[in-house]
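Asks: mmCIF, C-alpha atoms, saved as work-v9.cif, coming up:
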data_start
#
loop_
_atom_site.group_PDB
_atom_site.id
_atom_site.type_symbol
_atom_site.label_atom_id
_atom_site.label_comp_id
_atom_site.auth_asym_id
_atom_site.auth_seq_id
_atom_site.Cartn_x
_atom_site.Cartn_y
_atom_site.Cartn_z
ATOM 1 C CA MET A 1 73.646 78.268 92.123
ATOM 2 C CA LEU A 2 77.114 79.791 92.359
ATOM 3 C CA ALA A 3 78.776 80.383 95.729
ATOM 4 C CA THR A 4 82.084 81.871 96.814
ATOM 5 C CA TYR A 5 84.241 81.491 99.905
ATOM 6 C CA PHE A 6 87.862 81.833 100.945
ATOM 7 C CA ARG A 7 90.204 79.591 102.886
ATOM 8 C CA TYR A 8 93.763 79.804 104.142
ATOM 9 C CA ASP A 9 96.436 77.333 105.233
ATOM 10 C CA ASN A 10 98.701 79.955 106.757
ATOM 11 C CA PRO A 11 98.542 82.430 109.660
ATOM 12 C CA ALA A 12 95.690 84.894 109.897
ATOM 13 C CA ALA A 13 97.677 87.401 107.803
ATOM 14 C CA GLY A 14 97.316 85.151 104.766
ATOM 15 C CA PRO A 15 97.630 84.595 101.928
ATOM 16 C CA SER A 16 94.084 83.383 101.297
ATOM 17 C CA ASP A 17 92.589 81.594 98.315
ATOM 18 C CA VAL A 18 89.192 82.627 96.937
ATOM 19 C CA PHE A 19 86.976 79.896 95.467
ATOM 20 C CA ALA A 20 83.780 79.832 93.441
ATOM 21 C CA VAL A 21 81.754 76.612 93.236
ATOM 22 C CA LEU A 22 78.640 75.728 91.244
ATOM 23 C CA ASP A 23 75.693 73.565 92.193
ATOM 24 C CA SER A 24 74.203 72.948 88.758
ATOM 25 C CA ASP A 25 70.747 71.873 89.979
ATOM 26 C CA GLY A 26 70.271 74.710 92.457
ATOM 27 C CA LEU A 27 70.205 72.590 95.638
ATOM 28 C CA ALA A 28 67.538 70.336 94.144
ATOM 29 C CA SER A 29 69.394 67.163 95.088
ATOM 30 C CA ALA A 30 71.467 65.890 97.979
ATOM 31 C CA GLN A 31 74.621 66.181 95.870
ATOM 32 C CA THR A 32 75.222 69.910 95.923
ATOM 33 C CA PHE A 33 78.528 71.735 95.714
ATOM 34 C CA PRO A 34 81.822 70.008 94.884
ATOM 35 C CA PRO A 35 84.313 69.354 97.706
ATOM 36 C CA ALA A 36 85.683 72.590 99.138
ATOM 37 C CA THR A 37 89.366 71.653 99.173
ATOM 38 C CA PRO A 38 91.974 71.325 96.397
ATOM 39 C CA PRO A 39 92.618 69.455 94.172
ATOM 40 C CA SER A 40 88.870 68.845 93.718
ATOM 41 C CA THR A 41 88.322 72.594 93.605
ATOM 42 C CA SER A 42 90.903 75.079 92.328
ATOM 43 C CA PRO A 43 91.073 78.664 93.600
ATOM 44 C CA VAL A 44 89.742 81.456 91.430
ATOM 45 C CA LEU A 45 92.055 84.005 93.013
ATOM 46 C CA THR A 46 95.006 83.911 95.375
ATOM 47 C CA THR A 47 95.218 87.027 97.517
ATOM 48 C CA ASN A 48 97.745 88.264 100.058
ATOM 49 C CA VAL A 49 94.863 89.157 102.371
ATOM 50 C CA GLY A 50 94.320 86.875 105.333
ATOM 51 C CA VAL A 51 91.203 85.988 107.264
ATOM 52 C CA ALA A 52 92.235 88.609 109.835
ATOM 53 C CA GLU A 53 94.623 90.840 107.906
ATOM 54 C CA ASN A 54 96.440 93.365 110.061
ATOM 55 C CA GLY A 55 98.254 96.529 108.995
ATOM 56 C CA ILE A 56 95.010 98.066 107.681
ATOM 57 C CA THR A 57 94.998 101.489 109.361
ATOM 58 C CA PRO A 58 91.250 102.205 108.950
ATOM 59 C CA ARG A 59 90.559 98.762 110.445
ATOM 60 C CA ALA A 60 93.426 98.515 112.923
ATOM 61 C CA ALA A 61 91.351 96.924 115.675
ATOM 62 C CA ARG A 62 89.082 94.534 113.772
ATOM 63 C CA ARG A 63 91.096 93.912 110.599
ATOM 64 C CA ILE A 64 89.770 92.734 107.217
ATOM 65 C CA GLY A 65 89.394 89.630 105.065
ATOM 66 C CA PRO A 66 89.187 89.100 101.293
ATOM 67 C CA GLN A 67 85.401 89.661 101.417
ATOM 68 C CA ALA A 68 84.617 87.916 98.115
ATOM 69 C CA ASN A 69 81.153 88.633 96.672
ATOM 70 C CA LEU A 70 79.249 87.462 93.591
ATOM 71 C CA ALA A 71 76.627 88.756 91.161
ATOM 72 C CA TRP A 72 75.200 87.123 88.021
ATOM 73 C CA ASP A 73 73.922 88.747 84.831
ATOM 74 C CA HIS A 74 71.293 86.241 83.710
ATOM 75 C CA SER A 75 70.730 87.893 80.324
ATOM 76 C CA ILE A 76 74.234 87.040 79.100
ATOM 77 C CA ASN A 77 75.043 84.311 81.650
ATOM 78 C CA ARG A 78 78.026 86.233 83.043
ATOM 79 C CA ALA A 79 79.131 85.939 86.658
ATOM 80 C CA TYR A 80 81.018 88.714 88.445
ATOM 81 C CA LEU A 81 83.252 88.197 91.461
ATOM 82 C CA VAL A 82 84.837 90.973 93.533
ATOM 83 C CA SER A 83 87.423 90.584 96.257
ATOM 84 C CA THR A 84 90.217 92.387 98.086
ATOM 85 C CA THR A 85 93.886 91.823 97.282
ATOM 86 C CA GLU A 86 97.095 93.164 98.786
ATOM 87 C CA GLU A 87 100.219 94.413 97.025
ATOM 88 C CA ASP A 88 102.543 92.015 98.836
ATOM 89 C CA GLN A 89 102.711 89.440 101.626
ATOM 90 C CA GLN A 90 104.545 91.733 104.035
ATOM 91 C CA GLY A 91 101.388 93.251 105.509
ATOM 92 C CA SER A 92 101.904 96.627 103.845
ATOM 93 C CA GLY A 93 98.205 97.495 103.938
ATOM 94 C CA GLU A 94 98.194 98.493 100.256
ATOM 95 C CA THR A 95 94.989 96.726 99.266
ATOM 96 C CA ASP A 96 92.872 96.977 96.127
ATOM 97 C CA ILE A 97 89.456 95.925 94.915
ATOM 98 C CA VAL A 98 89.567 93.499 91.988
ATOM 99 C CA LEU A 99 86.887 92.054 89.714
ATOM 100 C CA LEU A 100 86.827 88.818 87.727
ATOM 101 C CA THR A 101 84.195 87.562 85.279
ATOM 102 C CA SER A 102 83.138 84.130 84.073
ATOM 103 C CA ASP A 103 81.027 83.348 81.009
ATOM 104 C CA ASN A 104 80.841 79.586 81.584
ATOM 105 C CA ASN A 105 79.167 79.188 84.971
ATOM 106 C CA GLY A 106 82.333 79.707 86.990
ATOM 107 C CA THR A 107 84.487 77.106 85.239
ATOM 108 C CA ASN A 108 86.961 79.716 84.010
ATOM 109 C CA TRP A 109 87.577 83.251 85.201
ATOM 110 C CA THR A 110 89.285 86.270 83.685
ATOM 111 C CA THR A 111 92.464 87.832 85.011
ATOM 112 C CA PRO A 112 91.678 90.073 88.016
ATOM 113 C CA LYS A 113 90.933 93.669 87.048
ATOM 114 C CA ARG A 114 91.634 96.508 89.492
ATOM 115 C CA VAL A 115 88.418 98.460 90.144
ATOM 116 C CA ASN A 116 89.645 101.331 92.336
ATOM 117 C CA ASP A 117 91.384 103.832 90.059
ATOM 118 C CA ASP A 118 93.546 105.786 92.517
ATOM 119 C CA PRO A 119 97.270 105.870 91.657
ATOM 120 C CA PRO A 120 99.141 102.837 92.993
ATOM 121 C CA PRO A 121 101.978 103.571 95.433
ATOM 122 C CA THR A 122 105.593 103.805 94.384
ATOM 123 C CA LEU A 123 107.477 100.575 95.053
ATOM 124 C CA VAL A 124 110.969 100.629 96.566
ATOM 125 C CA MET A 125 112.619 97.217 96.351
ATOM 126 C CA GLY A 126 109.145 95.781 95.849
ATOM 127 C CA VAL A 127 107.647 97.441 98.950
ATOM 128 C CA PRO A 128 105.081 100.287 98.733
ATOM 129 C CA VAL A 129 106.132 103.700 100.032
ATOM 130 C CA PRO A 130 104.308 103.986 103.398
ATOM 131 C CA THR A 131 102.949 107.514 102.862
ATOM 132 C CA GLU A 132 101.317 106.439 99.588
ATOM 133 C CA ILE A 133 99.539 103.365 100.972
ATOM 134 C CA ARG A 134 95.741 103.308 100.749
ATOM 135 C CA SER A 135 93.641 100.418 102.055
ATOM 136 C CA GLN A 136 90.504 99.781 100.000
ATOM 137 C CA PHE A 137 88.359 96.972 101.416
ATOM 138 C CA PHE A 138 84.956 95.261 101.832
ATOM 139 C CA PRO A 139 83.704 95.310 98.198
ATOM 140 C CA HIS A 140 80.174 94.421 97.164
ATOM 141 C CA VAL A 141 78.820 93.921 93.636
ATOM 142 C CA ALA A 142 75.398 93.887 91.973
ATOM 143 C CA VAL A 143 74.064 93.603 88.403
ATOM 144 C CA ASP A 144 71.095 95.369 86.836
ATOM 145 C CA GLN A 145 69.228 92.543 85.102
ATOM 146 C CA SER A 146 67.421 95.019 82.838
ATOM 147 C CA THR A 147 70.433 97.003 81.585
ATOM 148 C CA GLY A 148 73.473 94.840 82.324
ATOM 149 C CA GLN A 149 75.088 97.644 84.331
ATOM 150 C CA VAL A 150 77.410 96.481 87.101
ATOM 151 C CA ILE A 151 78.015 98.390 90.329
ATOM 152 C CA VAL A 152 80.817 97.815 92.817
ATOM 153 C CA ALA A 153 81.060 99.725 96.107
ATOM 154 C CA TRP A 154 83.683 99.666 98.861
ATOM 155 C CA TYR A 155 85.314 101.619 101.705
ATOM 156 C CA ASP A 156 88.163 103.843 100.517
ATOM 157 C CA PRO A 157 90.647 106.162 102.328
ATOM 158 C CA ARG A 158 92.316 107.539 99.188
ATOM 159 C CA ASN A 159 91.373 111.140 99.980
ATOM 160 C CA ASP A 160 92.542 111.011 103.592
ATOM 161 C CA ASP A 161 95.867 112.855 103.726
ATOM 162 C CA GLY A 162 95.629 113.449 107.481
ATOM 163 C CA GLY A 163 92.048 114.477 108.141
ATOM 164 C CA THR A 164 90.780 114.947 111.672
ATOM 165 C CA ASP A 165 93.368 112.700 113.329
ATOM 166 C CA ALA A 166 96.471 113.797 111.339
ATOM 167 C CA THR A 167 96.937 110.173 110.234
ATOM 168 C CA PRO A 168 96.738 109.416 106.496
ATOM 169 C CA ASN A 169 94.908 106.281 105.377
ATOM 170 C CA SER A 170 92.795 106.095 108.537
ATOM 171 C CA GLU A 171 89.477 107.717 107.569
ATOM 172 C CA THR A 172 87.267 106.256 104.863
ATOM 173 C CA GLU A 173 84.710 107.387 102.339
ATOM 174 C CA VAL A 174 82.378 105.106 100.415
ATOM 175 C CA PHE A 175 83.227 104.817 96.729
ATOM 176 C CA ALA A 176 81.207 103.235 93.942
ATOM 177 C CA ALA A 177 81.861 102.444 90.309
ATOM 178 C CA ILE A 178 79.266 101.587 87.670
ATOM 179 C CA SER A 179 80.289 99.781 84.512
ATOM 180 C CA THR A 180 78.060 100.074 81.449
ATOM 181 C CA ASP A 181 80.260 97.841 79.277
ATOM 182 C CA GLY A 182 80.217 94.501 81.072
ATOM 183 C CA GLY A 183 82.998 95.251 83.504
ATOM 184 C CA ASP A 184 85.647 96.580 81.129
ATOM 185 C CA ASN A 185 85.621 100.100 82.601
ATOM 186 C CA PHE A 186 84.735 101.212 86.114
ATOM 187 C CA PRO A 187 84.927 105.006 86.565
ATOM 188 C CA ASN A 188 85.033 105.746 90.290
ATOM 189 C CA MET A 189 83.029 108.262 92.289
ATOM 190 C CA VAL A 190 82.577 109.218 95.937
ATOM 191 C CA VAL A 191 79.167 108.260 97.312
ATOM 192 C CA SER A 192 79.393 109.393 100.940
ATOM 193 C CA ASP A 193 79.522 113.040 101.995
ATOM 194 C CA GLY A 194 82.143 112.786 104.728
ATOM 195 C CA PHE A 195 84.912 110.713 106.248
ATOM 196 C CA SER A 196 84.239 107.851 108.631
ATOM 197 C CA ARG A 197 86.663 107.390 111.497
ATOM 198 C CA THR A 198 86.927 104.119 113.411
ATOM 199 C CA ILE A 199 90.434 104.070 114.832
ATOM 200 C CA ASP A 200 89.249 105.507 118.170
ATOM 201 C CA LEU A 201 85.828 103.851 118.354
ATOM 202 C CA GLU A 202 84.610 100.749 120.108
ATOM 203 C CA THR A 203 82.135 100.405 117.270
ATOM 204 C CA SER A 204 83.179 99.836 113.681
ATOM 205 C CA HIS A 205 81.832 100.063 110.164
ATOM 206 C CA GLY A 206 82.550 96.359 109.825
ATOM 207 C CA ASP A 207 81.628 94.827 106.497
ATOM 208 C CA TYR A 208 78.207 96.439 106.680
ATOM 209 C CA LEU A 209 77.927 97.691 103.126
ATOM 210 C CA GLY A 210 75.487 96.653 100.406
ATOM 211 C CA VAL A 211 74.573 97.568 96.839
ATOM 212 C CA ASP A 212 71.737 96.893 94.447
ATOM 213 C CA ILE A 213 70.826 98.216 91.021
ATOM 214 C CA ARG A 214 67.665 97.953 88.925
ATOM 215 C CA GLY A 215 66.263 99.922 86.035
ATOM 216 C CA GLY A 216 69.394 102.025 85.789
ATOM 217 C CA ILE A 217 69.167 103.218 89.420
ATOM 218 C CA ALA A 218 71.696 102.010 91.992
ATOM 219 C CA HIS A 219 71.419 102.134 95.757
ATOM 220 C CA VAL A 220 74.339 101.915 98.150
ATOM 221 C CA ALA A 221 73.903 101.387 101.903
ATOM 222 C CA TRP A 222 76.701 101.693 104.439
ATOM 223 C CA VAL A 223 77.607 102.845 107.956
ATOM 224 C CA ASP A 224 79.816 105.735 109.006
ATOM 225 C CA ASN A 225 80.257 108.293 111.768
ATOM 226 C CA SER A 226 80.842 111.385 109.658
ATOM 227 C CA ASN A 227 77.549 113.002 110.698
ATOM 228 C CA ASN A 228 77.387 114.386 107.162
ATOM 229 C CA THR A 229 73.620 114.853 107.413
ATOM 230 C CA GLY A 230 73.913 116.734 110.704
ATOM 231 C CA ASP A 231 71.500 114.607 112.710
ATOM 232 C CA ASN A 232 73.719 112.247 114.699
ATOM 233 C CA PRO A 233 73.502 113.637 118.249
ATOM 234 C CA ASN A 234 75.697 111.057 119.966
ATOM 235 C CA LEU A 235 78.669 113.379 120.375
ATOM 236 C CA GLY A 236 80.201 114.211 123.728
ATOM 237 C CA THR A 237 83.079 116.242 125.068
ATOM 238 C CA PRO A 238 86.178 115.248 127.029
ATOM 239 C CA ALA A 239 84.392 116.409 130.189
ATOM 240 C CA THR A 240 81.081 114.727 129.361
ATOM 241 C CA PRO A 241 81.612 111.843 126.924
ATOM 242 C CA GLY A 242 78.662 110.830 124.796
ATOM 243 C CA ILE A 243 77.577 107.291 124.044
ATOM 244 C CA CYS A 244 80.551 106.878 121.729
ATOM 245 C CA GLY A 245 82.986 109.113 123.588
ATOM 246 C CA THR A 246 84.047 112.322 121.880
ATOM 247 C CA VAL A 247 83.169 111.148 118.363
ATOM 248 C CA HIS A 248 79.892 110.415 116.612
ATOM 249 C CA CYS A 249 78.457 106.908 116.748
ATOM 250 C CA MET A 250 78.077 104.789 113.656
ATOM 251 C CA ASP A 251 74.893 105.459 111.669
ATOM 252 C CA ALA A 252 73.376 103.721 108.657
ATOM 253 C CA TYR A 253 73.205 105.723 105.432
ATOM 254 C CA THR A 254 71.994 105.156 101.900
ATOM 255 C CA ALA A 255 72.496 106.934 98.578
ATOM 256 C CA ARG A 256 70.986 106.655 95.118
ATOM 257 C CA VAL A 257 73.338 106.715 92.132
ATOM 258 C CA ILE A 258 72.026 107.145 88.579
ATOM 259 C CA PRO A 259 74.340 107.019 85.558
ATOM 260 C CA GLU A 260 72.750 109.405 83.072
ATOM 261 C CA PRO A 261 73.638 112.314 80.757
ATOM 262 C CA GLY A 262 73.508 115.845 82.095
ATOM 263 C CA SER A 263 74.692 115.125 85.616
ATOM 264 C CA VAL A 264 78.012 115.102 87.485
ATOM 265 C CA GLN A 265 80.828 114.249 85.097
ATOM 266 C CA GLN A 266 84.039 112.381 85.793
ATOM 267 C CA ILE A 267 86.733 111.570 83.263
ATOM 268 C CA VAL A 268 88.856 108.619 84.326
ATOM 269 C CA GLY A 269 91.351 106.942 82.026
ATOM 270 C CA GLY A 270 89.825 108.614 78.993
ATOM 271 C CA VAL A 271 86.333 107.310 79.810
ATOM 272 C CA LEU A 272 83.567 109.847 80.378
ATOM 273 C CA ALA A 273 81.169 108.795 83.128
ATOM 274 C CA LEU A 274 77.968 110.683 83.829
ATOM 275 C CA PHE A 275 76.349 110.409 87.237
ATOM 276 C CA ALA A 276 73.475 111.913 89.144
ATOM 277 C CA LEU A 277 73.679 111.432 92.868
ATOM 278 C CA ALA A 278 70.976 111.864 95.512
ATOM 279 C CA ARG A 279 71.754 111.274 99.179
ATOM 280 C CA ARG A 280 69.648 110.600 102.234
ATOM 281 C CA ARG A 281 70.128 108.916 105.559
ATOM 282 C CA SER A 282 67.962 105.866 105.988
ATOM 283 C CA VAL A 283 68.454 104.672 109.566
ATOM 284 C CA ALA A 284 69.259 106.628 112.715
ATOM 285 C CA GLY A 285 72.032 105.396 114.956
#
Output the structure of this file as structure tokens.
Replies:
Amino acid sequence: MLATYFRYDNPAAGPSDVFAVLDSDGLASAQTFPPATPPSTSPVLTTNVGVAENGITPRAARRIGPQANLAWDHSINRAYLVSTTEEDQQGSGETDIVLLTSDNNGTNWTTPKRVNDDPPPTLVMGVPVPTEIRSQFFPHVAVDQSTGQVIVAWYDPRNDDGGTDATPNSETEVFAAISTDGGDNFPNMVVSDGFSRTIDLETSHGDYLGVDIRGGIAHVAWVDNSNNTGDNPNLGTPATPGICGTVHCMDAYTARVIPEPGSVQQIVGGVLALFALARRRSVAG
């Protein structure tokens, strides 16, 4: 059994260390995981994201953490770990989704690979240009045990250049990427139909996002308040606020993503990715 966690010795803004530890007998004995602190256990990844990282515009009120997640391809004994990293320790909010792999039960891990493929911001004296900052966060990963395909999904504001609130980097879509080559390439695609806005809500999309994939069909589940299916009635007016004020409440949605020929095509970094995408809302808010 492989588990991951993160810990920090500094303020809530980080940096944080991400760990992965193995219990070789699967909790069969009293001696389970190795001690959780260095030097007995070394970090897999050091991020600049804290346990309550601020400066993340789409999550200004409730903040984010590294959100490390694991998946294991049993056919080739390869473990996948995804997490969130930040460009620098100055709280810029320029965060990315990274993936690492291990082929020896978590003893050694590859160099982190950036999964989100939007252009990185221009750096001026090592600091990202504020108008180019995009805050990807809350990644989840799953492996198709029958095909070896790997899916990663996350919240992403890359397409928000102002949106409904005239504030870039504040409204998110759900993105996913499916790798058919063991994690070497991850062409990105938008899964959700609309932008989710949380800056003026008491509720939040939180880290409520999940993925699974089997038989070449992936499912992504998430929450947003875009009302992209047109059946979220919890919208009020300034004179008569609804349950969530003058914006839609958070709802739960799901989408099916199938990588197959003859469907939507994306070309990213010279790699041709073929997707078919079916959407439906699964849970009413």
Asks: Record the distance separating atom CA of A:Tyr253 and atom CA of A:Gly230, expressed in Å with one decimal.
Replies: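 About the pair atom CA of A:Tyr253 and atom CA of A:Gly230: they are 12.2 Å apart.
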Asks: What do you get, as an NGL selection string, if you spell out every residue that the PyMOL selection byres ((chain A and resi 214-220) around 9) selects here?
Replies: :A and (142-149 or 151 or 153 or 174 or 176 or 178 or 191 or 209-213 or 221-222 or 253-260)
Asks: What is the distance, in Å and to one decimal place, between atom CA of A:Ala20 and atom CA of A:Glu94?
Replies: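 Straight-line distance from atom CA of A:Ala20 to atom CA of A:Glu94 works out to 24.5 Å.
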Asks: When distances are computed from all atoms listed in the file, which of A:Asn48, A:Asn185, A:Thr84, A:Thr4 shows the smallest separation from A:Phe33?
Replies: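 Under the stated criterion, the closest residue is A:Thr4.
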Asks: Ranking A:Leu100, A:Val190, A:Val115, A:Ile133 by minimum distance to A:Ala79 and counting all atoms listed in the file, which one comes first?
Replies: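 Ranking A:Leu100, A:Val190, A:Val115, A:Ile133 by distance to A:Ala79, first place goes to A:Leu100.
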